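Trainee: my_file_1.cif (mmCIF, C-alpha atoms) pasted underneath:
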```cif
data_my_file
loop_
_atom_site.label_atom_id
_atom_site.label_comp_id
_atom_site.auth_asym_id
_atom_site.auth_seq_id
_atom_site.Cartn_x
_atom_site.Cartn_y
_atom_site.Cartn_z
CA MET A 240 -92.07 40.16 -171.16
CA ALA A 241 -90.36 41.80 -174.13
CA GLY A 242 -87.05 43.52 -173.77
CA ILE A 243 -83.52 43.96 -174.95
CA ILE A 244 -80.14 42.98 -173.52
CA ILE A 245 -77.28 45.45 -173.98
CA GLN A 246 -73.87 43.84 -173.68
CA SER A 247 -70.32 44.17 -174.92
CA SER A 248 -67.40 41.88 -175.46
CA ASN A 249 -65.12 44.68 -174.23
CA PHE A 250 -67.06 46.32 -171.39
CA ASN A 251 -69.25 43.65 -169.78
CA GLY A 252 -69.17 44.03 -166.02
CA GLN A 253 -68.65 47.78 -166.13
CA SER A 254 -71.01 50.57 -165.09
CA VAL A 255 -72.29 52.61 -167.97
CA GLN A 256 -74.81 55.39 -168.35
CA ILE A 257 -77.60 54.72 -170.81
CA THR A 258 -79.96 57.17 -172.44
CA PHE A 259 -82.67 55.75 -174.68
CA SER A 260 -84.47 57.71 -177.40
CA PRO A 261 -87.32 55.56 -178.71
CA PHE A 262 -88.47 56.03 -182.28
CA SER A 263 -91.84 56.84 -180.77
CA GLY A 264 -90.38 60.03 -179.31
CA GLY A 265 -89.05 61.39 -176.05
CA SER A 266 -85.95 60.44 -174.14
CA ILE A 267 -85.59 58.02 -171.27
CA ASN A 268 -82.69 58.16 -168.85
CA LEU A 269 -82.03 54.55 -167.91
CA GLY A 270 -79.42 55.74 -165.44
CA THR A 271 -76.22 53.99 -164.43
CA GLN A 272 -76.34 50.27 -165.16
CA THR A 273 -73.94 47.38 -165.19
CA ILE A 274 -73.76 45.60 -168.54
CA PRO A 275 -75.01 43.11 -169.61
CA TYR A 276 -78.15 45.09 -168.86
CA THR A 277 -81.68 43.88 -169.55
CA TYR A 278 -84.12 46.64 -170.40
CA THR A 279 -87.62 45.26 -170.06
CA THR A 280 -90.12 47.10 -172.22
CA THR A 281 -92.25 46.54 -175.26
CA ASN A 282 -91.01 49.82 -176.71
CA TYR A 283 -87.30 49.06 -177.09
CA GLU A 284 -86.73 50.18 -180.66
CA GLY A 285 -84.80 53.39 -180.95
CA ASN A 286 -81.37 54.88 -180.31
CA TYR A 287 -79.31 54.10 -177.25
CA SER A 288 -76.49 56.38 -176.07
CA ILE A 289 -74.11 54.46 -173.83
CA TYR A 290 -71.48 56.46 -171.96
CA ILE A 291 -68.59 54.45 -170.53
CA PRO A 292 -66.97 56.49 -167.72
CA SER A 293 -63.89 54.29 -167.48
CA SER A 294 -62.96 55.18 -171.05
CA ASP A 295 -64.74 58.54 -171.26
CA LYS A 296 -66.31 57.25 -174.47
CA THR A 297 -69.86 57.24 -175.77
CA CYS A 298 -71.23 54.44 -177.94
CA SER A 299 -74.30 54.80 -180.09
CA LEU A 300 -76.59 51.86 -180.70
CA GLN A 301 -79.65 51.72 -182.89
CA VAL A 302 -82.19 48.94 -182.50
CA GLY A 303 -84.80 48.43 -185.14
CA THR A 304 -85.62 50.63 -188.09
CA PRO A 305 -86.85 54.18 -187.60
CA PRO A 306 -90.10 55.12 -189.32
CA SER A 307 -88.27 56.83 -192.18
CA PRO A 308 -87.79 56.06 -195.90
CA THR A 309 -84.07 56.62 -195.44
CA PRO A 310 -82.76 54.26 -192.83
CA THR A 311 -79.54 55.27 -191.11
CA SER A 312 -76.64 52.96 -190.41
CA THR A 313 -77.52 50.64 -187.62
CA ILE A 314 -74.42 50.88 -185.47
CA THR A 315 -71.91 53.60 -184.85
CA PRO A 316 -69.47 51.92 -182.48
CA THR A 317 -66.77 53.99 -180.84
CA PRO A 318 -65.25 51.69 -179.58
CA THR A 319 -66.97 48.47 -180.57
CA LEU A 320 -70.06 47.56 -178.63
CA THR A 321 -71.93 44.39 -179.59
CA PRO A 322 -75.69 44.65 -179.26
CA THR A 323 -77.73 41.57 -178.58
CA ASN A 324 -81.35 41.98 -179.47
CA THR A 325 -82.78 39.15 -177.42
CA PRO A 326 -86.45 39.52 -176.69
CA THR A 327 -87.54 37.08 -174.06
CA ASN A 328 -90.67 36.31 -176.04
CA THR A 329 -91.76 37.11 -179.56
CA PRO A 330 -93.15 40.59 -179.31
CA THR A 331 -94.92 42.57 -181.93
CA PRO A 332 -93.57 45.98 -181.02
CA THR A 333 -95.39 49.06 -182.16
CA MET A 334 -93.81 52.36 -183.08
CA THR A 335 -96.20 54.32 -180.92
CA PRO A 336 -96.36 53.29 -177.28
CA THR A 337 -99.94 53.04 -176.15
CA PRO A 338 -101.54 51.65 -173.04
CA SER A 339 -102.27 47.96 -173.60
CA SER A 340 -105.86 48.37 -172.38
CA THR A 341 -108.49 49.95 -174.61
CA PRO A 342 -108.20 53.71 -174.01
CA SER A 343 -111.95 54.18 -173.73
CA SER A 344 -112.00 51.81 -170.72
CA LEU A 345 -109.78 54.11 -168.66
CA ASP A 346 -110.91 57.10 -166.68
CA PRO A 347 -110.25 60.01 -169.08
CA ASP A 348 -108.13 61.95 -166.57
CA ALA A 349 -106.15 58.81 -165.75
CA ALA A 350 -105.63 58.25 -169.47
CA ALA A 351 -104.42 61.81 -169.91
CA TYR A 352 -101.98 61.43 -167.03
CA LEU A 353 -100.67 58.12 -168.39
CA ALA A 354 -100.21 59.66 -171.82
CA ASP A 355 -98.25 62.50 -170.24
CA ILE A 356 -95.96 59.98 -168.55
CA VAL A 357 -95.23 58.33 -171.89
CA VAL A 358 -94.58 61.66 -173.60
CA SER A 359 -92.17 62.57 -170.80
CA GLY A 360 -90.22 59.36 -171.44
CA GLY A 361 -91.52 57.40 -168.48
CA THR A 362 -92.35 53.72 -168.64
CA ILE A 363 -95.84 52.37 -168.05
CA THR A 364 -97.01 48.78 -167.83
CA PRO A 365 -100.48 47.20 -167.70
CA THR A 366 -100.10 47.00 -163.91
CA ILE A 367 -99.36 50.71 -163.70
CA GLU A 368 -102.27 51.54 -166.00
CA SER A 369 -104.68 49.58 -163.86
CA ALA A 370 -103.35 51.03 -160.60
CA VAL A 371 -103.54 54.61 -161.89
CA ASP A 372 -107.04 54.08 -163.25
CA THR A 373 -108.19 52.71 -159.91
CA LEU A 374 -106.51 55.61 -158.11
CA PHE A 375 -108.39 58.17 -160.17
CA THR A 376 -111.75 56.44 -160.07
CA SER A 377 -111.51 55.85 -156.32
CA LEU A 378 -110.62 59.47 -155.63
CA LYS A 379 -113.55 60.60 -157.76
CA SER A 380 -116.08 58.20 -156.29
CA ASN A 381 -115.12 59.48 -152.82
CA SER A 382 -115.31 63.17 -153.85
CA LEU A 383 -111.59 63.64 -153.20
CA TYR A 384 -110.22 64.20 -156.70
CA SER A 385 -111.63 67.70 -157.12
CA LYS A 386 -110.08 68.76 -153.80
CA MET A 387 -106.55 68.02 -154.99
CA ILE A 388 -104.47 71.07 -155.90
CA ALA A 389 -101.59 68.82 -156.92
CA MET A 390 -100.86 65.15 -156.56
CA TYR A 391 -97.75 63.21 -157.48
CA PRO A 392 -98.06 59.43 -157.86
CA PHE A 393 -94.34 59.15 -158.80
CA VAL A 394 -94.92 56.76 -161.69
CA GLY A 395 -92.74 56.13 -164.73
CA ALA A 396 -89.34 55.78 -163.07
CA THR A 397 -87.79 58.95 -164.49
CA ALA A 398 -87.23 62.46 -163.20
CA ALA A 399 -89.52 63.89 -165.87
CA SER A 400 -92.38 61.45 -165.23
CA HIS A 401 -92.13 61.73 -161.45
CA ALA A 402 -92.31 65.49 -161.78
CA ILE A 403 -95.78 65.37 -163.35
CA ASN A 404 -98.67 66.76 -161.36
CA ALA A 405 -101.39 64.18 -161.98
CA LYS A 406 -104.00 66.97 -161.93
CA LEU A 407 -102.19 68.10 -165.09
CA ASN A 408 -101.78 71.74 -164.07
CA LYS A 409 -98.28 72.07 -165.50
CA SER A 410 -97.52 75.04 -163.24
CA PHE A 411 -97.24 72.58 -160.41
CA ASP A 412 -94.98 70.03 -162.05
CA ILE A 413 -92.03 69.41 -159.74
CA VAL A 414 -88.68 70.96 -160.64
CA TRP A 415 -85.93 68.66 -159.41
CA ASN A 416 -82.70 70.14 -158.10
CA GLY A 417 -79.53 68.48 -156.90
CA GLY A 418 -79.23 64.78 -156.27
CA VAL A 419 -82.67 63.19 -156.40
CA SER A 420 -82.83 59.66 -157.82
CA HIS A 421 -85.84 58.10 -159.52
CA ASP A 422 -86.85 54.50 -160.05
CA ILE A 423 -89.94 52.28 -160.04
CA SER A 424 -90.20 52.58 -156.25
CA GLY A 425 -90.37 56.37 -156.16
CA SER A 426 -88.09 59.40 -155.82
CA THR A 427 -85.25 59.48 -153.29
CA GLY A 428 -83.47 62.50 -151.86
CA ASN A 429 -79.73 62.25 -151.34
CA GLY A 430 -79.76 64.00 -147.99
CA THR A 431 -77.16 66.50 -149.22
CA ASN A 432 -78.58 68.91 -151.79
CA GLY A 433 -81.48 67.21 -153.56
CA TYR A 434 -85.00 68.64 -153.45
CA GLY A 435 -88.17 69.03 -155.48
CA GLU A 436 -89.84 72.41 -155.94
CA THR A 437 -93.60 72.03 -156.51
CA ASN A 438 -94.33 75.74 -157.00
CA VAL A 439 -97.53 75.19 -155.04
CA SER A 440 -97.79 78.27 -152.90
CA THR A 441 -99.76 78.61 -149.72
CA SER A 442 -101.74 81.21 -151.66
CA ASN A 443 -102.93 78.43 -154.06
CA PHE A 444 -105.13 77.00 -151.35
CA ILE A 445 -108.71 78.29 -151.26
CA ASP A 446 -108.32 78.65 -147.52
CA VAL A 447 -105.19 77.44 -145.81
CA ASP A 448 -107.22 77.09 -142.65
CA LYS A 449 -108.95 74.22 -144.49
CA SER A 450 -106.09 72.43 -146.15
CA SER A 451 -104.38 69.08 -146.28
CA TYR A 452 -101.05 67.65 -147.30
CA GLY A 453 -99.80 64.10 -147.41
CA MET A 454 -96.83 61.95 -148.31
CA TYR A 455 -96.34 58.23 -148.76
CA ILE A 456 -92.81 57.45 -147.67
CA ASN A 457 -91.69 53.93 -148.49
CA SER A 458 -88.10 54.27 -147.39
CA GLY A 459 -87.43 56.33 -144.30
CA THR A 460 -84.81 58.95 -143.80
CA THR A 461 -81.66 58.10 -141.88
CA LEU A 462 -81.08 61.73 -140.96
CA GLY A 463 -83.41 62.01 -138.03
CA ASN A 464 -85.21 65.14 -137.08
CA ASN A 465 -83.34 67.29 -139.53
CA ALA A 466 -84.96 65.61 -142.53
CA ARG A 467 -88.02 67.60 -143.47
CA HIS A 468 -90.45 68.39 -146.27
CA GLY A 469 -92.55 71.47 -146.70
CA VAL A 470 -92.06 75.16 -146.38
CA VAL A 471 -90.99 77.76 -143.89
CA GLN A 472 -90.75 81.47 -144.19
CA LEU A 473 -88.29 83.03 -141.81
CA GLY A 474 -90.22 84.48 -138.95
CA LEU A 475 -93.40 82.72 -139.98
CA TRP A 476 -94.28 79.09 -140.33
CA GLY A 477 -95.86 77.31 -143.24
CA LEU A 478 -96.78 73.72 -143.80
CA ALA A 479 -93.91 71.53 -142.75
CA PHE A 480 -93.37 67.99 -141.70
CA SER A 481 -90.53 65.73 -140.81
CA GLU A 482 -90.81 62.00 -140.89
CA ALA A 483 -91.81 60.59 -137.55
CA SER A 484 -90.77 63.36 -135.24
CA TRP A 485 -91.74 66.93 -136.11
CA TYR A 486 -94.96 68.43 -137.33
CA ARG A 487 -96.51 71.74 -138.27
CA HIS A 488 -99.51 72.75 -140.29
CA GLY A 489 -99.64 76.49 -140.75
CA ASP A 490 -99.07 77.19 -137.10
CA GLY A 491 -96.44 78.84 -134.96
CA SER A 492 -94.88 76.00 -133.01
CA ALA A 493 -93.34 72.65 -133.80
CA SER A 494 -94.69 69.53 -132.23
CA THR A 495 -92.74 66.39 -131.46
CA SER A 496 -93.59 63.23 -129.53
CA LEU A 497 -96.17 62.50 -132.16
CA GLY A 498 -96.88 58.91 -131.18
CA LEU A 499 -95.86 57.57 -134.58
CA THR A 500 -94.79 53.97 -135.02
CA GLY A 501 -92.14 54.56 -137.65
CA ASN A 502 -90.90 56.87 -140.36
CA THR A 503 -92.49 55.10 -143.34
CA GLY A 504 -96.06 54.83 -144.53
CA MET A 505 -98.84 57.26 -145.30
CA PHE A 506 -98.51 60.56 -143.46
CA LEU A 507 -101.43 62.92 -143.84
CA SER A 508 -102.32 66.19 -142.15
CA ILE A 509 -105.67 67.95 -142.20
CA ARG A 510 -106.40 71.41 -140.93
CA THR A 511 -110.09 72.20 -140.56
CA GLY A 512 -110.15 75.54 -138.84
CA ASN A 513 -108.28 78.37 -137.27
CA THR A 514 -107.20 76.45 -134.22
CA GLU A 515 -106.91 72.77 -135.05
CA SER A 516 -105.12 70.26 -137.24
CA LYS A 517 -104.67 66.50 -137.03
CA LEU A 518 -101.87 64.22 -138.15
CA TYR A 519 -102.64 60.72 -139.40
CA HIS A 520 -100.26 57.83 -139.94
CA ASN A 521 -101.43 54.89 -142.05
CA GLY A 522 -104.99 56.13 -141.70
CA ILE A 523 -104.94 56.32 -137.92
CA GLU A 524 -105.17 59.62 -136.04
CA ARG A 525 -101.95 60.16 -134.10
CA PHE A 526 -101.74 63.79 -133.05
CA THR A 527 -103.90 66.89 -132.65
CA LYS A 528 -102.63 70.45 -132.62
CA SER A 529 -104.54 73.44 -131.38
CA ASP A 530 -102.66 76.42 -132.72
CA ALA A 531 -103.80 79.47 -134.60
CA LEU A 532 -102.80 79.99 -138.23
CA THR A 533 -99.58 81.92 -138.86
CA ILE A 534 -98.94 80.99 -142.48
CA ALA A 535 -96.87 82.85 -145.03
CA THR A 536 -98.79 83.56 -148.24
CA ASN A 537 -96.11 83.14 -150.86
CA ALA A 538 -94.10 80.19 -149.67
CA THR A 539 -93.95 77.13 -151.95
CA TRP A 540 -93.86 73.49 -150.96
CA TRP A 541 -90.64 71.50 -151.33
CA TYR A 542 -89.98 67.81 -151.06
CA PHE A 543 -86.81 66.63 -149.30
CA ASN A 544 -86.23 69.91 -147.48
CA LEU A 545 -88.00 72.95 -146.15
CA ASN A 546 -88.23 75.83 -148.56
CA ASN A 547 -86.27 78.85 -147.41
CA ASN A 548 -84.30 76.87 -144.87
CA ALA A 549 -82.40 74.42 -147.03
CA VAL A 550 -80.27 72.71 -144.43
CA ARG A 551 -82.67 69.99 -143.32
CA TRP A 552 -82.25 67.61 -146.25
CA SER A 553 -84.08 64.29 -146.34
CA ASN A 554 -82.85 61.04 -147.87
CA SER A 555 -86.22 59.34 -147.71
CA ARG A 556 -88.04 57.89 -150.72
CA LEU A 557 -91.41 59.29 -151.72
CA ALA A 558 -94.01 57.18 -153.49
CA PHE A 559 -96.86 59.73 -153.36
CA GLY A 560 -97.42 63.37 -152.46
CA TYR A 561 -100.42 65.65 -152.50
CA LEU A 562 -101.63 69.11 -151.48
CA ALA A 563 -105.39 69.59 -151.21
CA ASN A 564 -108.23 71.85 -150.19
CA ASP A 565 -110.82 71.34 -147.50
CA LEU A 566 -110.61 67.71 -146.46
CA SER A 567 -112.59 66.59 -143.44
CA TYR A 568 -111.21 64.42 -140.70
CA SER A 569 -113.60 61.66 -141.77
CA GLU A 570 -111.88 61.52 -145.17
CA ALA A 571 -108.41 60.81 -143.77
CA SER A 572 -108.90 57.05 -143.53
CA THR A 573 -110.47 56.76 -146.97
CA LEU A 574 -107.74 58.78 -148.65
CA SER A 575 -105.02 56.81 -146.85
CA THR A 576 -106.59 53.54 -147.99
CA ILE A 577 -106.86 54.69 -151.61
CA ILE A 578 -103.20 55.73 -151.72
CA ASN A 579 -102.01 52.59 -149.93
CA THR A 580 -104.05 50.43 -152.32
CA PHE A 581 -102.30 52.23 -155.18
CA GLN A 582 -98.91 51.46 -153.64
CA THR A 583 -99.85 47.84 -152.98
CA SER A 584 -100.86 47.39 -156.62
CA LEU A 585 -97.39 48.55 -157.60
CA GLY A 586 -95.65 46.39 -155.01
CA ARG A 587 -94.15 49.34 -153.11
CA ASN A 588 -96.37 49.57 -150.06
CA THR A 589 -95.09 49.61 -146.50
CA TYR A 590 -98.20 48.41 -144.68
CA MET B 84 -69.80 60.66 -147.84
CA LYS B 85 -67.98 61.98 -150.86
CA VAL B 86 -68.98 65.00 -152.92
CA ARG B 87 -67.36 66.91 -155.80
CA LEU B 88 -65.45 70.14 -155.29
CA LEU B 89 -66.18 73.16 -157.49
CA THR B 90 -64.39 76.41 -158.11
CA ILE B 91 -66.51 79.52 -157.93
CA GLN B 92 -66.44 79.75 -161.73
CA GLU B 93 -67.52 76.14 -162.08
CA LYS B 94 -70.34 76.78 -159.62
CA ASP B 95 -71.50 79.75 -161.67
CA ASP B 96 -71.36 77.61 -164.83
CA LEU B 97 -73.66 74.99 -163.28
CA VAL B 98 -76.31 77.19 -161.72
CA GLY B 99 -79.51 76.99 -163.76
CA GLN B 100 -78.26 74.12 -165.88
CA THR B 101 -79.65 70.61 -166.15
CA TYR B 102 -77.62 67.46 -165.67
CA ALA B 103 -80.44 65.28 -166.94
CA PRO B 104 -83.99 65.89 -168.20
CA SER B 105 -86.00 67.74 -165.56
CA SER B 106 -83.06 67.79 -163.12
CA TYR B 107 -80.99 70.87 -162.30
CA PHE B 108 -77.58 71.06 -160.74
CA ASN B 109 -77.72 72.44 -157.20
CA PRO B 110 -74.32 73.62 -155.97
CA ILE B 111 -74.24 74.23 -152.23
CA GLU B 112 -71.60 75.27 -149.73
CA ASP B 113 -70.15 72.81 -147.27
CA CYS B 114 -68.99 73.53 -143.71
CA ASN B 115 -65.76 75.04 -145.06
CA ASP B 116 -67.64 77.27 -147.51
CA ASN B 117 -66.47 75.15 -150.44
CA TRP B 118 -68.91 74.88 -153.32
CA ILE B 119 -69.84 71.28 -153.99
CA ILE B 120 -72.26 69.08 -155.92
CA SER B 121 -73.30 65.54 -155.16
CA ASN B 122 -72.02 62.35 -156.73
CA GLU B 123 -75.60 61.63 -157.79
CA GLU B 124 -75.57 64.68 -160.06
CA VAL B 125 -72.25 63.57 -161.49
CA SER B 126 -73.13 59.92 -162.06
CA GLU B 127 -76.55 60.76 -163.53
CA CYS B 128 -75.25 63.53 -165.77
CA VAL B 129 -76.23 62.84 -169.37
CA ASN B 130 -75.83 66.42 -170.56
CA PRO B 131 -72.72 66.34 -172.75
CA ASP B 132 -72.12 70.06 -172.14
CA PHE B 133 -71.33 69.20 -168.52
CA TYR B 134 -69.51 65.88 -168.77
CA TRP B 135 -66.58 67.77 -167.27
CA VAL B 136 -68.18 67.37 -163.86
CA LYS B 137 -67.23 63.69 -164.04
CA HIS B 138 -63.61 64.76 -163.61
CA LEU B 139 -64.14 66.99 -160.57
CA PRO B 140 -62.07 66.11 -157.51
CA GLU B 141 -63.80 64.25 -154.71
CA ILE B 142 -63.71 65.48 -151.14
CA ASP B 143 -65.29 64.37 -147.91
CA TYR B 144 -68.59 66.10 -147.25
CA CYS B 145 -69.18 68.11 -144.10
CA ALA B 146 -72.57 69.74 -143.83
CA LYS B 147 -73.10 73.24 -142.59
CA PRO B 148 -74.39 73.17 -139.04
CA VAL B 149 -78.16 73.34 -138.78
CA PRO B 150 -79.04 76.65 -137.19
CA PRO B 151 -82.01 77.11 -134.93
CA ILE B 152 -84.98 78.46 -136.88
CA THR B 153 -86.85 81.48 -135.63
CA GLY B 154 -89.77 80.27 -133.60
CA ASP B 155 -88.48 76.71 -133.43
CA THR B 156 -88.63 75.13 -130.05
CA GLU B 157 -86.12 72.41 -130.73
CA ASN B 158 -82.61 72.33 -132.23
#
```
Kindly present the structure from the file in structure tokens form.

Mentor:
Amino acid sequence: MAGIIIQSSNFNGQSVQITFSPFSGGSINLGTQTIPYTYTTTNYEGNYSIYIPSSDKTCSLQVGTPPSPTPTSTITPTPTLTPTNTPTNTPTPTMTPTPSSTPSSLDPDAAAYLADIVVSGGTITPTIESAVDTLFTSLKSNSLYSKMIAMYPFVGATAASHAINAKLNKSFDIVWNGGVSHDISGSTGNGTNGYGETNVSTSNFIDVDKSSYGMYINSGTTLGNNARHGVVQLGLWGLAFSEASWYRHGDGSASTSLGLTGNTGMFLSIRTGNTESKLYHNGIERFTKSDALTIATNATWWYFNLNNNAVRWSNSRLAFGYLANDLSYSEASTLSTIINTFQTSLGRNTY
Amino acid sequence: MKVRLLTIQEKDDLVGQTYAPSSYFNPIEDCNDNWIISNEEVSECVNPDFYWVKHLPEIDYCAKPVPPITGDTEN
């Protein structure tokens, strides 16, 4: 696999913060890394900004030649940082990152989503392309895709790419706040002040009495019953869920003792009418509620805390999230399998 | 757990600002009503306008107690 190794004769062994601006466009936050650092990608040509906290200095590093008739100087070291361009094979890098598969072979909506990830600065690989394509085609062949209001596959390993609503309604892209970390495994709350605002309101459902939400959690919270996702309006309840121990779906009372076997996996709730909802874990029905709807109409869904409560932070890691209209109970298993297959393809499944 | 202590002015300066693409600072109050941000926001900050957060003092974090929510049947 192609890549680049960033190292320094002066700062090897230290933690640095790297931001990469490829010549192809966008900006990728590579986060805090210890150098020598190997960045594996076919699209490694561009400008690297390397901040060294121990010295409060920023080094600039250019790899390759920008697509310009007036090349700039290749290195602006302050202090000296020695780049080592060491591809692990002999790549033929292109200036414009494109999916390695022929675009016409991908589902068009999957292709559009993948392109959006690249534009946002996220990283895609052939494995990710294939997994996303299968995700989209499976949802469509099972008549589930059109029911999605928003879905978040958390692909690309950056805040910007994980924010993307795969249905491509930009109004529902997640706005990250506080300490939420992002990597190839998903997005992780810090349990202190990090959350994601989806801007999906309960009023965006056709009928909240026929609604569904789900989350694939591949690293469970360590904060117990106080770690929640969803929404609550003071005095009224919205959709809300806490890993493993607390559950609501538009009704007026919390349920515990859910019969779950852990706080990771695919959690999915379906409400089909004014008095009933069911909770599924890894595709298996675990709990039934029989409560009337008492939902607030303008509350928006958060990840890693409850909206309008903001003290029940979660430090779990999300690998998928969705909000949908009008699923039937018989679709719970199929949807769970599709999402778990997606996670398995990416090597981040829990079952 | 350690967090970073803010003055009220510093808190006001951070509200609505990004520390990285698509990521906003989120100052909150701790149990002593101090304004704080997390070490994740500090370590991941790539916005040069706010590199000053990397020099904020660290304090131990104490969360505000979780109040009972209206209609909740458990604590």

Trainee: So which residues touch segment 129-136 of chain B within 9 Å, counting all atoms listed in the file, skipping near sequence neighbours fewer than 3 positions away, as an MDAnalysis selection string?

Mentor: (chainID A and resid 256:258 268 270 290) or (chainID B and resid 87 89 93 97 100:104 124:126 139:140)

Trainee: Kindly provide the residues of chain B that approach chain A to within 6 Å, each paired with its closest atom pair and their distance in Å to one decimal, based on only C-alpha atoms, listed by chain and increasing number, as a Markdown table.

Mentor:
```
| residue | atom | partner | partner_atom | distance |
| --- | --- | --- | --- | --- |
| B:Ser105 | CA | A:Ala399 | CA | 5.2 |
| B:Ser106 | CA | A:Trp415 | CA | 4.8 |
| B:Tyr107 | CA | A:Asn416 | CA | 4.6 |
| B:Phe108 | CA | A:Gly417 | CA | 5.0 |
| B:Asn109 | CA | A:Gly417 | CA | 4.4 |
| B:Glu123 | CA | A:Gly418 | CA | 5.0 |
| B:Glu124 | CA | A:Gly418 | CA | 5.3 |
| B:Thr153 | CA | A:Gly474 | CA | 5.6 |
```

Trainee: Record the distance separating atom CA of Gly522 of chain A and atom CA of Ser572 of chain A, expressed in Å with one decimal.

Mentor: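 Separation between atom CA of Gly522 of chain A and atom CA of Ser572 of chain A: 4.4 Å.
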
Trainee: How many Å lie between atom CA of Asp113 of chain B and atom CA of Gly469 of chain A, rounded to one decimal?

Mentor: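 Taking atom CA of Asp113 of chain B as the start and atom CA of Gly469 of chain A as the end point, the length is 22.4 Å.
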
Trainee: Tell me, in Å to one decimal, how far atom CA of Ala571 of chain A is from atom CA of Leu507 of chain A.

Mentor: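 Taking atom CA of Ala571 of chain A and atom CA of Leu507 of chain A, their separation equals 7.3 Å.
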
Trainee: For segment 100-110 of chain B, what centre and edge lengths in Å (one decimal) does the axis-aligned box get once 6 Å is added on each side of all its listed atoms, as AutoDock Vina command-line options?

Mentor:
```
--center_x -80.2 --center_y 69.7 --center_z -162.1 --size_x 23.7 --size_y 20.8 --size_z 24.2
```

Trainee: Excluding Leu378 of chain A and any residue of its chain fewer than 4 positions from it, enumerate the residues within 8 Å of it, using all atoms listed in the file, and give them as a list in words.

Mentor: Leu374, Ser382, Leu383, Tyr384, Leu574 and Ile577 of chain A

Trainee: The selected residues should be written to file as a PDB file, keeping the file's coordinate frame (atoms: C-alpha atoms).

Mentor:
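part_35.pdb, written as the output of this step:
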```
ATOM      1  CA  LEU A 374    -106.510  55.610-158.110  1.00  0.00           C
ATOM      2  CA  SER A 382    -115.310  63.170-153.850  1.00  0.00           C
ATOM      3  CA  LEU A 383    -111.590  63.640-153.200  1.00  0.00           C
ATOM      4  CA  TYR A 384    -110.220  64.200-156.700  1.00  0.00           C
ATOM      5  CA  LEU A 574    -107.740  58.780-148.650  1.00  0.00           C
ATOM      6  CA  ILE A 577    -106.860  54.690-151.610  1.00  0.00           C
TER       7      ILE A 577
END
```

Trainee: Between A:Asn249, A:Ser369, A:Ser293, A:Thr514, which has the minimum distance to His138 of chain B (counting only C-alpha atoms)?

Mentor: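 Ranking A:Asn249, A:Ser369, A:Ser293, A:Thr514 by distance to His138 of chain B, first place goes to A:Ser293.
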
Trainee: Could you name the residues that touch segment 141-143 of chain B at 7 Å or less, counting all atoms listed in the file, but leaving out those on the same chain fewer than 3 positions away, as an MDAnalysis selection string?

Mentor: chainID B and resid 84:88

Trainee: Where does the PyMOL selection byres ((chain B and resi 114) around 7) land in this file, that is, which residues does it pick, as number ranges by chain?

Mentor: B: 112-113, 115-116, 145-147

Trainee: For the structure provided, state which residues fall under the PyMOL selection byres ((chain A and resi 445) around 12), and present them as a list in words.

Mentor: Lys386, Met387, Ile388, Ser440, Thr441, Ser442, Asn443, Phe444, Asp446, Val447, Asp448, Lys449, Ser450, Ser451, Thr536, Leu562, Ala563, Asn564, Asp565 and Leu566 of chain A

Trainee: Step by step: start from the point (-89.7, 49.4, -160.7) in the file's coordinates, keep every protein, DNA or RNA residue that has an atom no farther than 10 Å from it, count only C-alpha atoms, and write the set as JSON, numbers by chain.

Mentor: {"A": [362, 394, 395, 396, 421, 422, 423, 424, 425, 585, 586, 587]}

Trainee: Care to translate the PyMOL selection byres ((chain A and resi 500-504) around 10) into actual residues of this file, as number ranges by chain?

Mentor: A: 454-461, 463, 481-484, 497-499, 505-507, 520-522, 525, 555-558, 575, 579, 588-590

Trainee: Between A:Tyr352, A:Tyr452, A:Tyr391, A:Phe411, single out the one closest to Ser426 of chain A, counting only C-alpha atoms.

Mentor: A:Tyr391

Trainee: Since the input lacks atoms, please generate N, CA, C and O atoms for segment 583-587 of chain A and provide them as a PDB file, in the frame of the given file.

Mentor:
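Once written, out-v3.pdb looks like this:
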```
ATOM      1  N   THR A 583     -99.837  49.306-153.041  1.00  0.00           N
ATOM      2  CA  THR A 583     -99.850  47.840-152.980  1.00  0.00           C
ATOM      3  C   THR A 583     -99.950  47.245-154.373  1.00  0.00           C
ATOM      4  O   THR A 583     -99.289  46.246-154.679  1.00  0.00           O
ATOM      5  N   SER A 584    -100.745  47.862-155.238  1.00  0.00           N
ATOM      6  CA  SER A 584    -100.860  47.390-156.620  1.00  0.00           C
ATOM      7  C   SER A 584     -99.535  47.445-157.350  1.00  0.00           C
ATOM      8  O   SER A 584     -99.279  46.637-158.250  1.00  0.00           O
ATOM      9  N   LEU A 585     -98.693  48.385-156.956  1.00  0.00           N
ATOM     10  CA  LEU A 585     -97.390  48.550-157.600  1.00  0.00           C
ATOM     11  C   LEU A 585     -96.285  47.813-156.857  1.00  0.00           C
ATOM     12  O   LEU A 585     -95.121  47.890-157.246  1.00  0.00           O
ATOM     13  N   GLY A 586     -96.643  47.135-155.761  1.00  0.00           N
ATOM     14  CA  GLY A 586     -95.650  46.390-155.010  1.00  0.00           C
ATOM     15  C   GLY A 586     -94.673  47.248-154.249  1.00  0.00           C
ATOM     16  O   GLY A 586     -93.539  46.837-153.997  1.00  0.00           O
ATOM     17  N   ARG A 587     -95.075  48.451-153.844  1.00  0.00           N
ATOM     18  CA  ARG A 587     -94.150  49.340-153.110  1.00  0.00           C
ATOM     19  C   ARG A 587     -94.804  49.912-151.857  1.00  0.00           C
ATOM     20  O   ARG A 587     -94.446  50.987-151.405  1.00  0.00           O
TER      21      ARG A 587
END
```
